[in-house]
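All remarks here apply to the structure that follows.
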Amino acid sequence: MIKAILNQTKGDRWIWLIIILLSLISVLAVYSATGTLAYKRGVGSESLMFKHLLFIVLGFVLIYFAHLLDYRYYAGISKVLMVLTIPLLVYTLVFGSHVNDASRWIAIPGTGLTFQTSDLAKLALITYLARTLTKHQTNIKDFRSTVLWLLLPMGTIFILIAYANLSTAMMLAGVGVLLLLIGRVSFKQISVVGGGLLILLLIVVLLGPRRGVYINRVKAYLHPEMQNSDKTFQQNQAKIAVATGGLMGKGPGNSTQRNFLPHPYSDFIFAIIVEEYGLFGGFVVILLYVVLMYRIMKIVTQAPKAFGALLAAGLGFSLTIQALANMAVAVNLFPVTGVPLPLISMGGTSILFTSIALGIILSVSKDVEEYKEENSGKAEKVIIGEIPAMA
């Protein structure tokens with residue numbers, strides 16, 4: 001059965017291996033980090049672990065089916081996603097569940113589950129940008145017919161996400177600008193896009209409902225000597241976790257800071273990994289993400305179609321930038337952002353949309369393999385056909 005499944009999986013084998021390893025790390029880390037959460041909810045850690053494991057299994061199902069679908073279909077799907085995304089983001093801002101003065105989730109009636117619309121927005125915008133850049137390569141320098149139709153959706157989604165989740169909006173904007181660079185948009189026009197996004201950023205930071213939160217986080221980062229528990233508590237507890245982990249860590253399940261960190265199973269799960277598995281464990285996690293990006297960049301450079309290359313690049317940048325941001329926060333290199341660690345942090349929406357993104361990347365990789373096989377076959381036919389003539 002396992003052999004039959006392996007025969008049905010296509011795409012970069014290294015990426016498949018990295019997905020499996022990150023999922024295993026996730027199971028161990030989440031099981032250890034949810035002890036306090038389980039106690040507060042009055043349930044066993046096993047119930048939370050089972051729920052998390054269910055999302056991981058569903059993630060693998062999504063990866064499998066997403067990688068079987070020809071990635072070119074996602075060009076058409078991107079238009080539908082954009083039509084759905086913007087109204088959902090507006091609905092989330094107005095009627096979404098409010099947590100820490102932020103409205104990021106929509107409650108799914110009758111399930112007890114929540115849906116984070118920014119995850120859908122990331123997938124929608126990246127596929128839309130890849131499609132638009134590919135479609136308008138012949139007039140890519142024209143501002144009115146091309147760049148304006150890139151700036152408008154980027155700006156709209158940025159402002160709608162930024163009011164509740166500035167860090168996610170900034171990372172998505174950065175991915176968008178990188179795609180514009182890869183898509184041959186001129187530096188002058190990219191500067192116009194960047195300037196527009198910067199103006200929107202200032203509006204959100206200075207006038208948005210969470211401006212006080214942003215200011216306090218930056219102050220806490222710039223002034224670590226502050227001992228105000230409301231402002232530096234998370235960073236201090238994360239630093240203790242990292243510092244006490246040592247070279248090889250305290251061992252699986254032996255974290256103490258999971259009892260003090262507000263979100264040890266999501267935002268600060270990397271600190272728990274370092275505490276339990278040491279610098280060695282942290283290095284392994286970082287290495288896995290670096291190798292993942294390297295393999296994705298190989299796919300980008302070998303993709304026979306521009307849409308596939310742009311799609312894989314955008315999704316790859318989105319995953320790795322988010323991973324690096326999460327880990328940088330855990331070790332106090334960045335201010336607190338509140339983004340999960342892809343494929344490792346607990347969170348159903350994040351796992352499922354990350355899985356879809358990886359499935360799409362593997363679909364592009366599958367196309368690269370098929371293209372190589374076709375061309376190698378043609379080359380062999382040409383060589384064989386030339387042998388009699390040469391003789």
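If you're wondering about the labels, chains in the structure tokens are A, B, ... by order shown, residues count from 1 in each chain, ligands from 1 in order shown.
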
- For range 38-47 of chain A, work out the shell of residues within 12 Å, counting only C-alpha atoms and skipping chain neighbours fewer than 6 positions away, then give it as a list in words. Val27, Leu28, Val30, Tyr31, Ser32, Leu53, Leu54, Gly253, Arg258, Asn259 and Tyr265 of chain A

Report as a Markdown table the residues of range 32-129 of chain A within 12 Å of range 177-193 of chain A, each with its shortest atom pair and distance in Å (one decimal), using only C-alpha atoms, ordered by chain and increasing residue number.
| residue | atom | partner | partner_atom | distance |
| --- | --- | --- | --- | --- |
| A:Leu125 | CA | A:Leu179 | CA | 10.9 |
| A:Ile126 | CA | A:Leu179 | CA | 8.4 |
| A:Thr127 | CA | A:Leu179 | CA | 10.6 |
| A:Tyr128 | CA | A:Leu179 | CA | 11.0 |
| A:Leu129 | CA | A:Leu179 | CA | 7.5 |

How about saving the chosen residues, N, CA, C and O atoms kept, as a compact mmCIF listing (two decimals), in the first residue's frame?
# COMPACT_ATOMS: atom_id res chain seq x y z
N LEU A 125 -3.87 36.31 -3.31
CA LEU A 125 -3.09 37.40 -3.89
C LEU A 125 -1.88 36.87 -4.65
O LEU A 125 -1.57 37.37 -5.75
N ILE A 126 -1.20 35.88 -4.12
CA ILE A 126 0.00 35.35 -4.79
C ILE A 126 -0.37 34.71 -6.12
O ILE A 126 0.30 34.94 -7.14
N THR A 127 -1.44 33.92 -6.15
CA THR A 127 -1.85 33.29 -7.41
C THR A 127 -2.33 34.35 -8.40
O THR A 127 -2.07 34.25 -9.61
N TYR A 128 -3.01 35.38 -7.91
CA TYR A 128 -3.49 36.45 -8.79
C TYR A 128 -2.32 37.23 -9.39
O TYR A 128 -2.30 37.53 -10.59
N LEU A 129 -1.34 37.58 -8.56
CA LEU A 129 -0.17 38.32 -9.05
C LEU A 129 0.61 37.50 -10.08
O LEU A 129 1.04 38.03 -11.11

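If only C-alpha atoms are the atoms counted, then among A:Val300, A:Leu37, A:Leu324, A:Leu150 the closest residue to Leu261 in chain A is A:Leu37.
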
- Message: Residues near Lys305 in chain A, anyone? I mean within 10 Å using only C-alpha atoms, not counting same-chain ones fewer than 4 positions away, as number ranges by chain.
- Response: A: 72, 134, 300, 309-310, 364, 367-368

Can those selected residues be exported to a file as a PDB file, in the first residue's frame so that it contains N, CA and C atoms?
ATOM      1  N   ARG A  72      -1.709  24.955 -13.754  1.00  0.00           N
ATOM      2  CA  ARG A  72      -2.268  25.979 -14.648  1.00  0.00           C
ATOM      3  C   ARG A  72      -3.717  26.288 -14.304  1.00  0.00           C
ATOM      4  N   THR A 134       2.161  37.103 -15.603  1.00  0.00           N
ATOM      5  CA  THR A 134       2.385  36.223 -16.750  1.00  0.00           C
ATOM      6  C   THR A 134       1.575  36.692 -17.959  1.00  0.00           C
ATOM      7  N   VAL A 300      11.825  26.928  -9.455  1.00  0.00           N
ATOM      8  CA  VAL A 300      11.576  28.216 -10.124  1.00  0.00           C
ATOM      9  C   VAL A 300      12.483  28.388 -11.339  1.00  0.00           C
ATOM     10  N   ALA A 309       6.741  29.344 -12.554  1.00  0.00           N
ATOM     11  CA  ALA A 309       7.896  29.893 -11.843  1.00  0.00           C
ATOM     12  C   ALA A 309       7.472  30.966 -10.846  1.00  0.00           C
ATOM     13  N   LEU A 310       6.605  31.877 -11.280  1.00  0.00           N
ATOM     14  CA  LEU A 310       6.149  32.962 -10.399  1.00  0.00           C
ATOM     15  C   LEU A 310       5.300  32.415  -9.248  1.00  0.00           C
ATOM     16  N   VAL A 364       3.909  22.274  -9.589  1.00  0.00           N
ATOM     17  CA  VAL A 364       4.864  22.907 -10.506  1.00  0.00           C
ATOM     18  C   VAL A 364       6.091  22.012 -10.673  1.00  0.00           C
ATOM     19  N   ASP A 367       5.430  19.247 -13.028  1.00  0.00           N
ATOM     20  CA  ASP A 367       5.483  19.715 -14.417  1.00  0.00           C
ATOM     21  C   ASP A 367       6.928  19.817 -14.903  1.00  0.00           C
ATOM     22  N   VAL A 368       7.827  20.250 -14.015  1.00  0.00           N
ATOM     23  CA  VAL A 368       9.257  20.329 -14.368  1.00  0.00           C
ATOM     24  C   VAL A 368       9.787  18.935 -14.710  1.00  0.00           C
TER      25      VAL A 368
END

- Task: Rank A:Gly194, A:Gly212, A:Pro335, A:Gly316 by their smallest atom-to-atom distance to Gly155 in chain A, using only C-alpha atoms, and report the top residue only.
- Result: A:Gly194

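The environment of Leu152 in chain A within 12 Å, counting only C-alpha atoms and disregarding residues fewer than 5 places along the same chain, consists of Met82, Ile86, Leu125, Tyr128, Leu129, Phe143, Arg144, Ser145, Thr146, Val147, Ile157, Phe158, Ile159, Val192, Val193, Gly196 and Leu197 of chain A.
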
- Using only C-alpha atoms, the best pick from A:Val274, A:Met297, A:Ala325, A:Val291 as closest to Lys239 in chain A would be A:Val274

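Using only C-alpha atoms, the smallest distance between any of A:Ile240, A:Ile272, A:Ile361, A:Leu333 and Ile25 in chain A comes from A:Ile272.
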
Please provide as a PDB file with all heavy atoms, in the first residue's frame all residues within 9 Å of Leu352 in chain A, with the sequence filter that same-chain residues fewer than 5 positions apart are discarded (counting only C-alpha atoms).
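This is the output file selection03.pdb:
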ATOM      1  N   PHE A  55      -5.649  17.673  11.794  1.00  0.00           N
ATOM      2  CA  PHE A  55      -5.368  18.733  10.822  1.00  0.00           C
ATOM      3  C   PHE A  55      -4.132  18.411   9.985  1.00  0.00           C
ATOM      4  O   PHE A  55      -4.081  18.715   8.787  1.00  0.00           O
ATOM      5  CB  PHE A  55      -5.186  20.082  11.529  1.00  0.00           C
ATOM      6  CG  PHE A  55      -6.477  20.776  11.842  1.00  0.00           C
ATOM      7  CD1 PHE A  55      -6.887  20.964  13.152  1.00  0.00           C
ATOM      8  CD2 PHE A  55      -7.295  21.242  10.822  1.00  0.00           C
ATOM      9  CE1 PHE A  55      -8.092  21.599  13.444  1.00  0.00           C
ATOM     10  CE2 PHE A  55      -8.492  21.883  11.097  1.00  0.00           C
ATOM     11  CZ  PHE A  55      -8.894  22.058  12.416  1.00  0.00           C
ATOM     12  N   ILE A  56      -3.130  17.776  10.606  1.00  0.00           N
ATOM     13  CA  ILE A  56      -1.942  17.385   9.847  1.00  0.00           C
ATOM     14  C   ILE A  56      -2.302  16.349   8.778  1.00  0.00           C
ATOM     15  O   ILE A  56      -1.849  16.443   7.629  1.00  0.00           O
ATOM     16  CB  ILE A  56      -0.851  16.841  10.795  1.00  0.00           C
ATOM     17  CG1 ILE A  56      -0.269  17.978  11.641  1.00  0.00           C
ATOM     18  CG2 ILE A  56       0.261  16.147  10.000  1.00  0.00           C
ATOM     19  CD1 ILE A  56       0.762  17.539  12.637  1.00  0.00           C
ATOM     20  N   LEU A  58      -5.290  15.910   7.432  1.00  0.00           N
ATOM     21  CA  LEU A  58      -6.051  16.631   6.412  1.00  0.00           C
ATOM     22  C   LEU A  58      -5.121  17.441   5.522  1.00  0.00           C
ATOM     23  O   LEU A  58      -5.348  17.569   4.308  1.00  0.00           O
ATOM     24  CB  LEU A  58      -7.077  17.554   7.082  1.00  0.00           C
ATOM     25  CG  LEU A  58      -8.296  16.890   7.719  1.00  0.00           C
ATOM     26  CD1 LEU A  58      -9.141  17.915   8.460  1.00  0.00           C
ATOM     27  CD2 LEU A  58      -9.136  16.186   6.661  1.00  0.00           C
ATOM     28  N   GLY A  59      -4.057  17.988   6.127  1.00  0.00           N
ATOM     29  CA  GLY A  59      -3.065  18.739   5.348  1.00  0.00           C
ATOM     30  C   GLY A  59      -2.388  17.880   4.305  1.00  0.00           C
ATOM     31  O   GLY A  59      -2.214  18.287   3.155  1.00  0.00           O
ATOM     32  N   PHE A  60      -2.038  16.644   4.692  1.00  0.00           N
ATOM     33  CA  PHE A  60      -1.410  15.730   3.726  1.00  0.00           C
ATOM     34  C   PHE A  60      -2.382  15.369   2.597  1.00  0.00           C
ATOM     35  O   PHE A  60      -1.976  15.230   1.441  1.00  0.00           O
ATOM     36  CB  PHE A  60      -0.929  14.465   4.437  1.00  0.00           C
ATOM     37  CG  PHE A  60       0.473  14.566   4.960  1.00  0.00           C
ATOM     38  CD1 PHE A  60       0.717  14.916   6.278  1.00  0.00           C
ATOM     39  CD2 PHE A  60       1.551  14.329   4.120  1.00  0.00           C
ATOM     40  CE1 PHE A  60       2.012  15.026   6.755  1.00  0.00           C
ATOM     41  CE2 PHE A  60       2.852  14.426   4.590  1.00  0.00           C
ATOM     42  CZ  PHE A  60       3.086  14.781   5.914  1.00  0.00           C
ATOM     43  N   LEU A  62      -4.724  17.347   1.447  1.00  0.00           N
ATOM     44  CA  LEU A  62      -4.770  18.528   0.582  1.00  0.00           C
ATOM     45  C   LEU A  62      -3.506  18.634  -0.274  1.00  0.00           C
ATOM     46  O   LEU A  62      -3.582  18.999  -1.462  1.00  0.00           O
ATOM     47  CB  LEU A  62      -4.935  19.792   1.438  1.00  0.00           C
ATOM     48  CG  LEU A  62      -6.309  20.004   2.069  1.00  0.00           C
ATOM     49  CD1 LEU A  62      -6.286  21.212   2.992  1.00  0.00           C
ATOM     50  CD2 LEU A  62      -7.377  20.188   1.000  1.00  0.00           C
ATOM     51  N   ILE A  63      -2.353  18.354   0.309  1.00  0.00           N
ATOM     52  CA  ILE A  63      -1.108  18.374  -0.462  1.00  0.00           C
ATOM     53  C   ILE A  63      -1.196  17.386  -1.616  1.00  0.00           C
ATOM     54  O   ILE A  63      -0.834  17.710  -2.767  1.00  0.00           O
ATOM     55  CB  ILE A  63       0.102  18.032   0.433  1.00  0.00           C
ATOM     56  CG1 ILE A  63       0.352  19.139   1.450  1.00  0.00           C
ATOM     57  CG2 ILE A  63       1.365  17.820  -0.420  1.00  0.00           C
ATOM     58  CD1 ILE A  63       1.392  18.791   2.497  1.00  0.00           C
ATOM     59  N   LEU A 343       3.636  24.736   9.247  1.00  0.00           N
ATOM     60  CA  LEU A 343       3.634  23.280   9.388  1.00  0.00           C
ATOM     61  C   LEU A 343       4.007  22.789  10.784  1.00  0.00           C
ATOM     62  O   LEU A 343       3.952  21.593  11.044  1.00  0.00           O
ATOM     63  CB  LEU A 343       4.556  22.602   8.365  1.00  0.00           C
ATOM     64  CG  LEU A 343       3.996  22.393   6.961  1.00  0.00           C
ATOM     65  CD1 LEU A 343       5.003  21.619   6.111  1.00  0.00           C
ATOM     66  CD2 LEU A 343       2.657  21.668   6.977  1.00  0.00           C
ATOM     67  N   GLY A 347      -2.678  25.165  14.776  1.00  0.00           N
ATOM     68  CA  GLY A 347      -3.603  26.105  14.144  1.00  0.00           C
ATOM     69  C   GLY A 347      -4.128  25.515  12.851  1.00  0.00           C
ATOM     70  O   GLY A 347      -3.366  25.352  11.893  1.00  0.00           O
ATOM     71  N   ALA A 357      -0.562  25.387  -0.329  1.00  0.00           N
ATOM     72  CA  ALA A 357       0.560  26.076  -0.975  1.00  0.00           C
ATOM     73  C   ALA A 357       1.661  25.094  -1.363  1.00  0.00           C
ATOM     74  O   ALA A 357       2.197  25.150  -2.477  1.00  0.00           O
ATOM     75  CB  ALA A 357       1.116  27.151  -0.042  1.00  0.00           C
TER      76      ALA A 357
END

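If you measure from each of A:Thr244, A:Thr354, A:Ser118, A:Gln235 to Ile19 in chain A using only C-alpha atoms, the closest one turns out to be A:Thr354.
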
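Shortest atom-to-atom contact with Ala33 in chain A among A:Phe270, A:Trp105, A:Tyr71, A:Tyr64: A:Phe270, counting only C-alpha atoms.
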